[in-house]
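Accompanying notes for the structure given below.
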Amino acid sequence: MAVQINPSILSADFARLADEAKAVEGADWLHVDVMDNHFVPNLTLGTPVVESLARATDIPLDCHLMIEDPDRWAPQYVEAGAQSITFHVEAAAAPIRLAREIRAKGARAAMALKPATPIEAYEEILPELDMLLIMTVEPGFGGQSFLDVMLPKVRRTRELIDKHGLQLWLQVDGGVSASTIERCAEAGADVFVAGSAVYGAEDPAQAVRALRAQAEAATAQASWACGH
Ligand code: DX5
Ligand code: ZN
């Protein structure tokens with residue numbers, strides 16, 4: 001699977017979201033962080049903003065729900081126009097049922113793990129998903145330092161994906177930048193969320209291209225990618 005770069009609009013100017021989407025032309029997805037001030041200690045946006053953003057850009061929306069009770073709310077984000085919905089397993093009451101519901105509504109279903117949540121308990125769930133998100137910071141804020149200690153989890157997840165022959169995308173989110181993206185790609189990630197590294201750059205579209213080039217080069221060297 002080709003490398004994908006998903007700029008996170010958490011680091012964008014929320015008063016100019018349509019322009020900020022245009023500023024990352026060439027990005028694969030726009031990463032939209034939904035925070036409810038309960039699951040994480042921060043508050044961002046909800047379905048009205050997702051609806052407007054979906055109308056304002058051709059880039060598909062990758063909605064990362066950092067909210068309590070995703071079983072109840074996630075389907076509404078598909079209706080609002082998001083093509084990929086990520087819920088946190090720590091918050092979901094019935095992750096398999098929820099993933100099936102998201103897929104049945106026509107979106108890609110993804111599940112996220114906070115840093116202290118192990119992957120091993122979820123091996124059987126993986127075939128129900130289109131993407132797995134391994135958080136490389138504690139969710140809640142942009143601009144935090146990348147947690148290197150998550151790289152073994154990325155590696156073990158890639159091994160599980162290969163062991164089961166799955167077409168599952170493996171996303172990393174948090175502290176992904178020019179100085180960390182190669183290690184993520186080498187460990188097995190193929191979808192990269194970057195907030196401050198993209199929107200903090202002088203030219204966000206150029207930052208996307210540069211991150212992609214780095215990730216592609218690192219993937220080409222990675223042992224897990226041989227034969228993919
Ligand atoms: C953090 C969010 C991230 C955030 C990443 O909870 O899920 O998507 O925007 O920001 P950076 O890339 O600046 O760490
Ligand atoms: Zn996110």
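Starting from 1 in every chain, residues are counted up; chains themselves are A, B, ... following the order of the structure tokens, and ligands are numbered from 1 as listed.
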If you count only C-alpha atoms, which residues fall within 10 Å of A:Phe87, apart from same-chain ones fewer than 2 positions away, as a PyMOL selection string? chain A and resi 63-71+73-74+85+89-92+95+98-99+109-113+132-133
Hey, what does DSSP flag as strand (DSSP E or B) within stretch 68-197 of chain A? Can you give it to me as a list in words? Ser84, Ile85, Thr86, Phe87, His88, Arg108, Ala109, Ala110, Met111, Ala112, Leu113, Met131, Leu132, Leu133, Ile134, Met135, Trp169, Leu170, Gln171, Val172, Asp173, Val191, Phe192, Val193 and Ala194 of chain A
Could you pull out the residues sitting within 8 Å of ligand 1, using only C-alpha atoms and all ligand atoms, and write them as a ChimeraX atom specification? /A:7-11,31-33,64,66,135,137-146,173-177,193-198
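For the pair atom CA of A:Pro115 and atom CA of A:Thr136, the interatomic distance is 6.4 Å.
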Between atom CA of A:Glu25 and atom CA of A:Ala205 - distance in Å to one decimal: 6.0 Å
Write out as a VMD selection string all residues of stretch 13-104 of chain A that backbone DSSP assigns to helix (DSSP H, G or I). chain A and resid 14 to 22 47 to 56 70 to 79 95 to 104
A:Ala207 surroundings by only C-alpha atoms, 9 Å radius, close-in-sequence under 5 positions cut, as a PyMOL selection string: chain A and resi 24+178+197-199+201-202+212
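You will find atom CA of A:Pro118 at 25.9 Å from atom CA of A:Cys226.
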